There are 2 protein chains.
Amino acid sequence: MKSGSERLAAALFAPQSIALIGASGDAKKNTSRPQRFLRKHGYAGRIVPVNPGRDEIFGEKSYPDLKSVPGSIDHAFIMVPTDAVAAALEQCAEKKVPVATIYSDGFAETGEAGRRKQQRLIEIARAGNVRVLGPNCIGLFSGNPPCSLSVNAVLEQLDIKPGPYAIVSQSGSMMGGLLSRGLGRGAGFSKLVSVGNECDLGVGEITDCLVDDPHTGAILLFLETIRGADLLARAARRAFDAGKPVVVYKLGRSAVGQDLAASHTGAMAGADEVADAFFRAHGMLRVDTLENLFELPALVAGQKPARRHRVAVMTTTGGGAATVADRLGTLGLDVVPPSGEVIANLARRSIKISPARLTDLTLAGAKKEIYGAVVQELLASDHCDLVLAVAGSSAQFQPQIAVEPIVEADRHGKPLAVFLAPHAEASLKLLADAGIAAFRTPESCADAIRAWRDWRTPAAAPAPAANQLASAASLLKNMPGKQINEYDACRVFAALGIAAAPSEIIATPEQKTKIVFPVAAKVLSPDVLHKTDAGGVVLGLADAASLAAAAREILRNVAARHPHAKIDGVLVQSMQRGLAEAIVGFRRDPQAGPVVVLGAGGVLAEIYHDIALRLAPIGIEDARAMVGEVKGLAVIRGYRALPRGDCEALAQAVAAMSQLALLKGRAVAEAEINPLIVRPEGQGVAAVDGLIVFREN
Amino acid sequence: MKSGSERLAAALFAPQSIALIGASGDAKKNTSRPQRFLRKHGYAGRIVPVNPGRDEIFGEKSYPDLKSVPGSIDHAFIMVPTDAVAAALEQCAEKKVPVATIYSDGFAETGEAGRRKQQRLIEIARAGNVRVLGPNCIGLFSGNPPCSLSVNAVLEQLDIKPGPYAIVSQSGSMMGGLLSRGLGRGAGFSKLVSVGNECDLGVGEITDCLVDDPHTGAILLFLETIRGADLLARAARRAFDAGKPVVVYKLGRSAVGQDLAASHTGAMAGADEVADAFFRAHGMLRVDTLENLFELPALVAGQKPARRHRVAVMTTTGGGAATVADRLGTLGLDVVPPSGEVIANLARRSIKISPARLTDLTLAGAKKEIYGAVVQELLASDHCDLVLAVAGSSAQFQPQIAVEPIVEADRHGKPLAVFLAPHAEASLKLLADAGIAAFRTPESCADAIRAWRDWRTPAAAPAPAANQLASAASLLKNMPGKQINEYDACRVFAALGIAAAPSEIIATPEQKTKIVFPVAAKVLSPDVLHKTDAGGVVLGLADAASLAAAAREILRNVAARHPHAKIDGVLVQSMQRGLAEAIVGFRRDPQAGPVVVLGAGGVLAEIYHDIALRLAPIGIEDARAMVGEVKGLAVIRGYRALPRGDCEALAQAVAAMSQLALLKGRAVAEAEINPLIVRPEGQGVAAVDGLIVFREN
């Protein structure tokens with residue numbers, strides 16, 4: 001018996017019967033296309049046009065409505081005006097149609113009124129057990145079995161070569177462009193799915209279906225946003241396990257969501273970094289160049305993420321190879337010279353190569369036996385983890401010199417990237433047919449190698465720190481309000497295992513403190529946001545008398561400037577000195593879920609956008625990697641002669657903060673320690689200020 | 001009568017007679033190629049093979065040596081073994097051959113011995129008045145008049161379409177790749193020149209010849225380094241005035257020269273930033289993507305650098321346009337919504353467009369009359385300075401919908417960039433034939449628009465600050481040694497107009513100082529590089545007694561740790577407080593000449609590589625722009641509620657420092673003020689520490 005996901009895939013891509021609701025008999029209209037395209041591309045099942053104004057369309061009997069259609073329908077394609085869609089979907093529910101694809105637009109993409117109409121569709125679909133693709137989607141295409149259920153005009157002109165690539169696109173209007181670009185470079189396709197507004201079926205569930213599709217070998221996503229992160233994460237991990245690369249091109253690299261810009265750490269962590277972290281956490285490969293949707297898959301086919309990323313580069317054109325190698329350098333990749341063993345092995349065959357980083361055979365080495373021997377040695381050697389072979393002018397008219405030896409080489413399971421300096425379509429085809437990753441521009445070649453380097457095996461979530469979470473939860477349970485003050489926030493951080501500067505609240509200026517001097521005094525009030533501006537902070541108090549005087553002064557200042565503020569007391573805090581300040585943040589990204597952020601302290605994180613970010617929770621390894629990524633923290637990592645800070649304690653604090661994602665009970669929307677003082681190696685860290693904001697429920 | 005440059009160009013590209021020294025009769029050998037290629041590509045002049053072993057080669061009479069050749073020779077092509085090149089060149093000198101192109105390799109590109117051989121060639125050439133192209137170059141190609149004087153194998157197979165592009169390449173092996181890529185996209189070529197090692201004729205002089213070539217409309221440079229910066233600068237400025245864009249692709253973005261990494265400011269200013277500054281200063285356009293060598297010229301043809309850079313984007317595919325617009329955002333470009341007037345004008349023609357940033361007509365707007373009207377309105381409107389038109393799937397098979405209206409639009413002199421979402425070779429050709437810049441990838445499209453934005457009219461050098469330079473020169477004249485200490489350096493900076501912290505040298509700890517307290521005391525010694533480590537610095541001294549004690553302590557510490565150091569006294573300096581610290585540097589780049597650098601103070605400039613750089617000298621406008629570019633100086637530019645620093649005084653200091661390039665007399669190799677204290681607005685700056693290193697002569 002079929003599973004739910006198998007039934008869904010069958011109804012989507014292999015329906016036995018299709019109803020075209022709103023089909024037109026006017027060949028000029030978009031709504032006439034699905035019927036024509038289905039037949040043109042070999043659909044073998046039953047096609048039922050539904051149109052109250054016609055008895056017959058293009059030779060098929062037409063019905064006035066779905067109710068009147070005899071027999072069962074596996075997939076309905078709805079092309080009626082916006083306001084008639086709900087009724088059509090209701091008929092699908094009545095007729096127990098398992099899947100409806102909605103081409104009609106005018107829904108969430110148009111604003112609030114449309115969003116309400118779309119909500120109504122969701123309700124009908126849920127109640128009636130109909131899965132919906134769209135609305136506002138141009139449909140889907142399956143090569144095997146053939147099913148071109150789409151209004152995409154390119155299906156009129158293009159024959160779609162069968163092959164292993166499946167595209168899932170949030171942009172319907174770009175689907176034709178993607179398909180035509182892929183075909184233009186010899187790629188073949190198994191499935192194409194435009195997901196539209198994703199009111200029900202989204203990129204995640206479609207990807208999940210494709211993992212099980214025997215005709216699909218790589219899944220290419222064109223994304224504008226991330227919706228249904230959990231489903232996509234699950235599908236991507238399944239694809240990873242199945243050895244099907246998920247390659248993502250995502251827009252929004254320069255747009256920072258308004259909602260993010262408003263909050264604290266949020267303002268630093270643009271949506272794009274979150275997307276990056278999301279793709280990486282779940283084993284997807286994100287490309288920066290559009291062409292790489294089609295060029296990258298061959299590079300990683302059959303591969304797993306590598307542990308090291310040493311690139312060997314060989315060429316007959318130094319200038320041509322440098323166009324790629326130079327860019328690899330800017331992307332932080334390491335180009336390694338040939339090993340002594342490679343040099344010696346080749347020397348035994350009378351081939352002399354230089355020990356330089358770039359193995360440049362020059363024009364003199366543009367001979368099959370030389371080029372072939374060198375590429376073979378590099379592929380076989382364990383001094384490098386990827387080979388980049390660059391061919392010169394010969395690739396255009398004399399593939400036998402460099403291209404054929406590349407094709408014939410035993411790759412020893414090592415990734416092989418090829419860049420051809422000239423315009424050489426025939427050689428590119430030769431390479432593509434051999435399943436070898438060949439790149440049309442130096443930029444896409446370098447970007448692909450970068451994506452390979454950034455590729456990670458999806459990590460298991462770290463175990464919950466049960467005791468710490470329980471203590472934090474029990475503290476939080478009793479804290480009133482939407483946002484909690486720095487004193488209480490630091491108590492929660494301490495419960496999680498992050499040391500805080502010793503502090504105490506005094507109710508009156510005269511109250512004695514247990515905190516060891518010198519201390520700082522700060523007004524504690526939910527109503528005073530800018531404490532320093534309000535005269536609410538005094539630092540470096542050496543003794544009890546100074547503290548009492550400062551506290552009086554603080555209360556007087558605040559009373560004068562914020563007469564209606566609720567005052568919770570004066571916070572007395574031990575003065576902390578360290579080697580650096582850091583910001584540690586936690587928040588829930590509206591798209592990707594909980595994330596943890598580490599930044600350099602002060603204004604650096606913001607001015608230089610100098611942060612490291614991961615999906616939360618993370619383990620200590622990831623936290624250590626984050627400490628290594630923040631440039632401004634170089635000053636505590638052994639920069640020049642500066643003393644090292646306690647990076648390990650900082651990493652532990654970041655990992656501990658990320659545990660907030662696992663908190664039971666009152667959910668934290670956002671938390672931040674700013675600053676977290678980092679002391680010298682072995683002396684730990686101390687949270688000095690911070691806040692916690694609860695999630696609205 | 002012809003000028004020297006006209007005579008050079010004639011001998012290079014339009015020789016009446018060519019001697020092929022070392023020509024081979026074996027068609028398999030590279031040295032047989034020039035003779036064959038010259039005839040194949042229509043050379044009409046006299047070809048004289050020179051080869052002592054043959055009487056005739058491919059039907060032409062061959063001579064044993066150049067001396068034996070009757071009549072005059074305009075251009076000799078030398079293909080003999082390395083060690084025979086000098087003798088061949090001597091014969092050219094004897095025979096008064098104006099130009100020799102040397103294909104032979106084994107010279108400077110191979111190391112020190114080769115460098116000496118190359119030096120010998122230069123001597124022969126200078127003495128004999130022969131201009132030399134190469135050695136280690138593959139030759140040149142001229143379409144009109146025809147002259148294929150090259151061993152480039154692509155001339156065997158390719159017919160070279162005539163057209164306005166001239167390529168000058170430092171990489172010989174990449175010339176075939178570049179040519180084939182250009183031809184592959186329909187470009188036509190006027191001249192191709194491989195310059196090899198540039199022992200005499202370099203990219204600059206060749207470019208200069210091309211400025212005067214009536215068949216050349218755009219000059220495309222493939223560079224690995226900058227040699228002969230002055231000649232290239234002059235040629236580029238002439239090309240700019242002649243309206244011929246010079247488009248540069250330069251390698252070395254990730255390599256930082258060893259010699260630079262060793263010095264102070266030098267370590268921060270990578271060679272690549274210098275190259276960027278050089279190209280920009282002289283009106284060239286640098287591209288980041290290889291393809292843009294061929295795609296960019298049409299965008300800037302007939303244009304001058306724009307004052308503003310507002311981009312209007314229109315499309316029928318939102319996703320497709322976003323691939324470019326998103327990238328424009330990451331490159332810092334401003335995409336502007338249509339003006340009210342544009343919207344109103346279109347509304348009068350019943351075309352409703354949204355006021356959003358992206359003018360997305362959607363599939364519904366994929367009609368010739370709509371697309372055409374919108375592109376026309378945008379081109380005519382003054383709310384934007386460049387129009388980016390993105391066409392969707394229709395561009396592949398229905399050019400009449402979007403591509404033809406683009407071609408037919410009146411551009412009103414405004415730059416127009418076109419990106420086609422699908423693979424659409426025929427439409428690309430249509431656009432190329434109409435002289436419209438069409439891009440194959442979103443990345444190259446965005447890169448071209450970025451290059452257009454960065455394009456500048458070459459500025460005239462600022463006038464020398466004569467009085468300041470004279471005072472600085474007279475101070476420097478009397479300063480001994482290769483490097484001068486911070487006290488003297490600050491005096492020189494002060495002479496240039498950069499205020500320094502008041503300071504004085506005391507010879508003994510007991511000597512009274514005129515400097516107002518509080519002061520700092522520092523050991524003054526050319527032999528103590530790390531003064532703080534040596535116990536040679538004490539800050540914040542409040543009175544004479546403290547100063548005397550500190551000076552004694554300093555001298556004791558230094559005597560203990562550096563017993564042999566020459567001590568010039570103790571520097572007493574007024575303590576300075578400011579809002580920020582900056583580093584201002586001057587140095588002579590070995591390739592591009594004098595540069596001025598501004599960085600944030602402390603370790604920021606280095607950790608974040610946060611600098612601004614210009615060729616020196618600069619005027620105040622450029623200096624102000626530099627102050628605006630350094631991210632870390634945001635803190636004094638009105639960031640959040642922070643007080644503003646004296647940015648104008650800082651800019652004046654940078655401009656003053658850059659005047660060192662104009663200094664007569666002892667030349668300064670490198671100078672640095674670190675730190676320069678920036679005080680609040682209106683209160684100036686103060687140099688606190690610095691150094692000056694003289695140029696070795």
# chains A, B, ... in the order shown; residues from 1 in each chain; ligands from 1
$ interface_residues --of "chain A" --to "chain B" --cutoff "8 Å" --atoms "only C-alpha atoms" --output "CSV table (one decimal) with C-alpha atoms, in the first residue's frame"
chain,number,residue,atom,x,y,z
A,153,ALA,CA,4.6,29.2,-22.6
A,154,VAL,CA,8.0,27.6,-23.0
A,157,GLN,CA,8.3,25.7,-28.2
A,171,SER,CA,9.0,32.5,-9.2
A,172,GLY,CA,6.7,31.3,-11.9
A,173,SER,CA,7.8,33.8,-14.4
A,174,MET,CA,11.4,32.7,-14.0
A,176,GLY,CA,10.8,29.4,-18.3
A,177,GLY,CA,14.1,31.3,-18.1
A,178,LEU,CA,15.6,28.6,-15.9
A,179,LEU,CA,14.5,25.7,-18.0
A,180,SER,CA,15.7,27.4,-21.2
A,181,ARG,CA,19.1,28.1,-19.6
A,184,GLY,CA,20.7,25.6,-23.6
A,224,GLU,CA,12.7,34.2,-3.0
A,251,LEU,CA,17.2,36.1,-3.7
A,252,GLY,CA,17.2,38.6,-0.9
A,253,ARG,CA,20.9,39.0,-0.4
A,254,SER,CA,20.6,42.7,-0.1
A,255,ALA,CA,17.2,43.1,1.5
A,289,THR,CA,25.7,32.7,-9.5
A,290,LEU,CA,22.6,31.8,-11.3
A,291,GLU,CA,24.4,29.5,-13.8
A,316,THR,CA,48.1,25.1,-20.2
A,317,THR,CA,47.1,28.8,-19.9
A,318,GLY,CA,48.4,30.5,-16.9
A,319,GLY,CA,46.3,33.6,-17.5
A,320,GLY,CA,43.2,31.5,-18.0
A,322,ALA,CA,44.5,32.6,-12.9
A,323,THR,CA,41.0,34.0,-13.7
A,326,ASP,CA,42.6,34.5,-8.3
A,327,ARG,CA,38.9,34.4,-7.4
A,329,GLY,CA,41.8,33.3,-3.3
A,330,THR,CA,39.3,36.1,-2.7
A,362,THR,CA,52.3,26.1,-20.8
A,363,LEU,CA,51.7,25.7,-24.6
A,392,GLY,CA,43.3,26.7,-23.1
A,393,SER,CA,42.5,27.5,-26.7
A,397,PHE,CA,38.9,22.8,-31.9
A,421,ALA,CA,39.3,29.4,-21.4
A,422,PRO,CA,37.7,29.6,-24.9
A,423,HIS,CA,34.2,29.5,-26.1
A,441,THR,CA,32.8,31.5,-16.6
A,442,PRO,CA,35.7,31.8,-14.1
A,443,GLU,CA,33.2,33.3,-11.6
A,604,LEU,CA,32.1,47.1,15.6
A,607,ILE,CA,29.6,49.1,11.6
A,608,TYR,CA,31.4,46.2,10.1
A,631,LYS,CA,37.0,39.2,12.7
A,632,GLY,CA,36.9,41.7,15.6
A,634,ALA,CA,41.0,38.4,16.4
$ residues_around --residues "Gly134 of chain B" --least-positions-apart "4" --cutoff "9 Å" --atoms "only C-alpha atoms" --output "PyMOL selection string"
chain B and resi 100-105+138-139+194-202
$ write_last_selection --atoms "N, CA, C and O atoms" --output "CSV table (one decimal), in the first residue's frame"
chain,number,residue,atom,x,y,z
B,100,ALA,N,60.5,45.2,-33.9
B,100,ALA,CA,60.7,43.8,-33.8
B,100,ALA,C,59.8,43.2,-32.8
B,100,ALA,O,59.7,43.7,-31.7
B,101,THR,N,59.1,42.2,-33.2
B,101,THR,CA,58.2,41.4,-32.2
B,101,THR,C,58.9,40.1,-31.9
B,101,THR,O,59.3,39.4,-32.8
B,102,ILE,N,59.1,39.9,-30.6
B,102,ILE,CA,59.9,38.7,-30.3
B,102,ILE,C,59.0,37.6,-29.6
B,102,ILE,O,58.5,37.8,-28.5
B,103,TYR,N,58.8,36.5,-30.4
B,103,TYR,CA,58.0,35.4,-29.9
B,103,TYR,C,58.9,34.5,-28.9
B,103,TYR,O,58.3,34.0,-28.0
B,104,SER,N,60.1,34.5,-29.1
B,104,SER,CA,61.0,33.6,-28.3
B,104,SER,C,60.8,33.9,-26.9
B,104,SER,O,60.6,35.0,-26.4
B,105,ASP,N,60.9,32.8,-26.0
B,105,ASP,CA,60.8,33.0,-24.6
B,105,ASP,C,62.1,32.6,-24.0
B,105,ASP,O,63.1,32.5,-24.6
B,138,ILE,N,53.0,36.3,-28.2
B,138,ILE,CA,52.6,35.5,-29.3
B,138,ILE,C,52.3,36.3,-30.6
B,138,ILE,O,51.9,35.8,-31.6
B,139,GLY,N,52.4,37.6,-30.5
B,139,GLY,CA,52.3,38.4,-31.7
B,139,GLY,C,51.1,39.3,-31.7
B,139,GLY,O,50.4,39.5,-30.7
B,194,SER,N,49.4,40.8,-28.1
B,194,SER,CA,50.0,40.2,-27.0
B,194,SER,C,51.3,40.9,-26.6
B,194,SER,O,52.1,41.0,-27.5
B,195,VAL,N,51.4,41.4,-25.4
B,195,VAL,CA,52.6,42.2,-25.1
B,195,VAL,C,53.7,41.5,-24.5
B,195,VAL,O,54.8,42.0,-24.3
B,196,GLY,N,53.5,40.2,-24.1
B,196,GLY,CA,54.5,39.4,-23.5
B,196,GLY,C,55.2,40.1,-22.3
B,196,GLY,O,54.5,40.7,-21.4
B,197,ASN,N,56.5,40.1,-22.2
B,197,ASN,CA,57.2,40.7,-21.1
B,197,ASN,C,57.4,42.2,-21.1
B,197,ASN,O,57.9,42.7,-20.1
B,198,GLU,N,56.9,42.8,-22.1
B,198,GLU,CA,56.9,44.3,-22.2
B,198,GLU,C,58.3,44.9,-21.9
B,198,GLU,O,58.4,45.8,-21.2
B,199,CYS,N,59.3,44.3,-22.6
B,199,CYS,CA,60.7,44.9,-22.3
B,199,CYS,C,60.8,46.3,-22.9
B,199,CYS,O,61.6,47.1,-22.4
B,200,ASP,N,60.0,46.6,-23.9
B,200,ASP,CA,60.1,48.0,-24.4
B,200,ASP,C,58.6,48.5,-24.6
B,200,ASP,O,58.1,49.3,-23.8
B,201,LEU,N,58.0,48.1,-25.7
B,201,LEU,CA,56.6,48.5,-25.9
B,201,LEU,C,55.7,47.8,-24.8
B,201,LEU,O,55.7,46.6,-24.7
B,202,GLY,N,54.9,48.6,-24.2
B,202,GLY,CA,54.0,48.0,-23.1
B,202,GLY,C,52.6,48.3,-23.4
B,202,GLY,O,52.2,48.9,-24.5
$ residues_around --residues "Glu648 of chain B" --least-positions-apart "5" --cutoff "10 Å" --atoms "only C-alpha atoms" --output "list in words"
Ile620, Ala623, Arg624, Val627, Ala653, Val654, Glu681, Gly682, Gly684 and Val685 of chain B
$ write_last_selection --atoms "C-alpha atoms" --output "mmCIF file, in the first residue's frame"
data_model
loop_
_atom_site.group_PDB
_atom_site.id
_atom_site.type_symbol
_atom_site.label_atom_id
_atom_site.label_comp_id
_atom_site.auth_asym_id
_atom_site.auth_seq_id
_atom_site.Cartn_x
_atom_site.Cartn_y
_atom_site.Cartn_z
ATOM 1 C CA ILE B 620 40.171 68.174 -1.041
ATOM 2 C CA ALA B 623 40.095 63.530 0.462
ATOM 3 C CA ARG B 624 36.565 64.162 1.741
ATOM 4 C CA VAL B 627 36.935 60.161 4.916
ATOM 5 C CA ALA B 653 45.388 66.343 6.500
ATOM 6 C CA VAL B 654 44.942 63.553 3.958
ATOM 7 C CA GLU B 681 34.038 69.279 14.827
ATOM 8 C CA GLY B 682 35.877 72.562 14.413
ATOM 9 C CA GLY B 684 41.067 70.040 14.270
ATOM 10 C CA VAL B 685 43.342 67.042 14.299
#
$ residues_around --residues "segment 469-474 of chain A" --least-positions-apart "5" --cutoff "6 Å" --atoms "only C-alpha atoms" --output "list in words"
Val492, Ala495 and Leu663 of chain A
$ residues_around --residues "Gly372 of chain A" --least-positions-apart "5" --cutoff "12 Å" --atoms "only C-alpha atoms" --output "list in words"
Met314, Thr315, Thr316, Leu346, Arg349, Ile351, Leu361, Gly365, Ala366, Lys367, Glu377, Leu378, Leu379, Ala389, Ala391, Pro399, Gln400, Ile401, Ala402, Val403, Glu404, Pro405, Ile406, Val407, Glu408, Ala409, Asp410 and Arg411 of chain A
$ residues_around --residues "segment 504-506 of chain A" --least-positions-apart "3" --cutoff "8 Å" --atoms "only C-alpha atoms" --output "PyMOL selection string"
chain A and resi 487+509+511-515+569-573
$ closest_residue --among "B:Ile343, B:Ile226, B:Cys147, B:Ala542" --to "Gln35 of chain B" --atoms "only C-alpha atoms"
B:Cys147
$ atom_distance --atom1 "atom CA of Gln652 of chain B" --atom2 "atom CA of Gly497 of chain B"
8.3 Å
$ residues_around --residues "Val50 of chain A" --least-positions-apart "6" --cutoff "6 Å" --atoms "only C-alpha atoms" --output "list in words"
Leu20, Ile21, Gly22, Ser62, Tyr63, Pro64 and Asp65 of chain A
$ write_last_selection --atoms "N, CA, C and O atoms" --output "PDB file, in the first residue's frame"
ATOM      1  N   LEU A  20      -9.394  20.059 -16.019  1.00  0.00           N
ATOM      2  CA  LEU A  20      -8.879  21.401 -16.283  1.00  0.00           C
ATOM      3  C   LEU A  20     -10.022  22.381 -16.068  1.00  0.00           C
ATOM      4  O   LEU A  20     -10.847  22.610 -16.968  1.00  0.00           O
ATOM      5  N   ILE A  21     -10.115  22.924 -14.869  1.00  0.00           N
ATOM      6  CA  ILE A  21     -11.275  23.742 -14.498  1.00  0.00           C
ATOM      7  C   ILE A  21     -11.060  25.170 -14.969  1.00  0.00           C
ATOM      8  O   ILE A  21     -10.140  25.857 -14.520  1.00  0.00           O
ATOM      9  N   GLY A  22     -11.890  25.577 -15.917  1.00  0.00           N
ATOM     10  CA  GLY A  22     -11.708  26.892 -16.527  1.00  0.00           C
ATOM     11  C   GLY A  22     -10.939  26.802 -17.833  1.00  0.00           C
ATOM     12  O   GLY A  22     -10.427  27.813 -18.323  1.00  0.00           O
ATOM     13  N   SER A  62     -16.348  18.400 -22.768  1.00  0.00           N
ATOM     14  CA  SER A  62     -16.229  19.353 -21.663  1.00  0.00           C
ATOM     15  C   SER A  62     -17.455  19.279 -20.772  1.00  0.00           C
ATOM     16  O   SER A  62     -18.562  19.017 -21.251  1.00  0.00           O
ATOM     17  N   TYR A  63     -17.252  19.518 -19.489  1.00  0.00           N
ATOM     18  CA  TYR A  63     -18.353  19.454 -18.524  1.00  0.00           C
ATOM     19  C   TYR A  63     -18.572  20.834 -17.920  1.00  0.00           C
ATOM     20  O   TYR A  63     -17.624  21.616 -17.792  1.00  0.00           O
ATOM     21  N   PRO A  64     -19.808  21.113 -17.523  1.00  0.00           N
ATOM     22  CA  PRO A  64     -20.096  22.446 -16.968  1.00  0.00           C
ATOM     23  C   PRO A  64     -19.442  22.667 -15.604  1.00  0.00           C
ATOM     24  O   PRO A  64     -19.083  23.781 -15.259  1.00  0.00           O
ATOM     25  N   ASP A  65     -19.319  21.601 -14.816  1.00  0.00           N
ATOM     26  CA  ASP A  65     -18.637  21.724 -13.534  1.00  0.00           C
ATOM     27  C   ASP A  65     -18.078  20.375 -13.132  1.00  0.00           C
ATOM     28  O   ASP A  65     -18.338  19.363 -13.786  1.00  0.00           O
TER      29      ASP A  65
END
$ atom_distance --atom1 "atom CA of Ile498 of chain A" --atom2 "atom CA of Ala463 of chain A"
17.5 Å
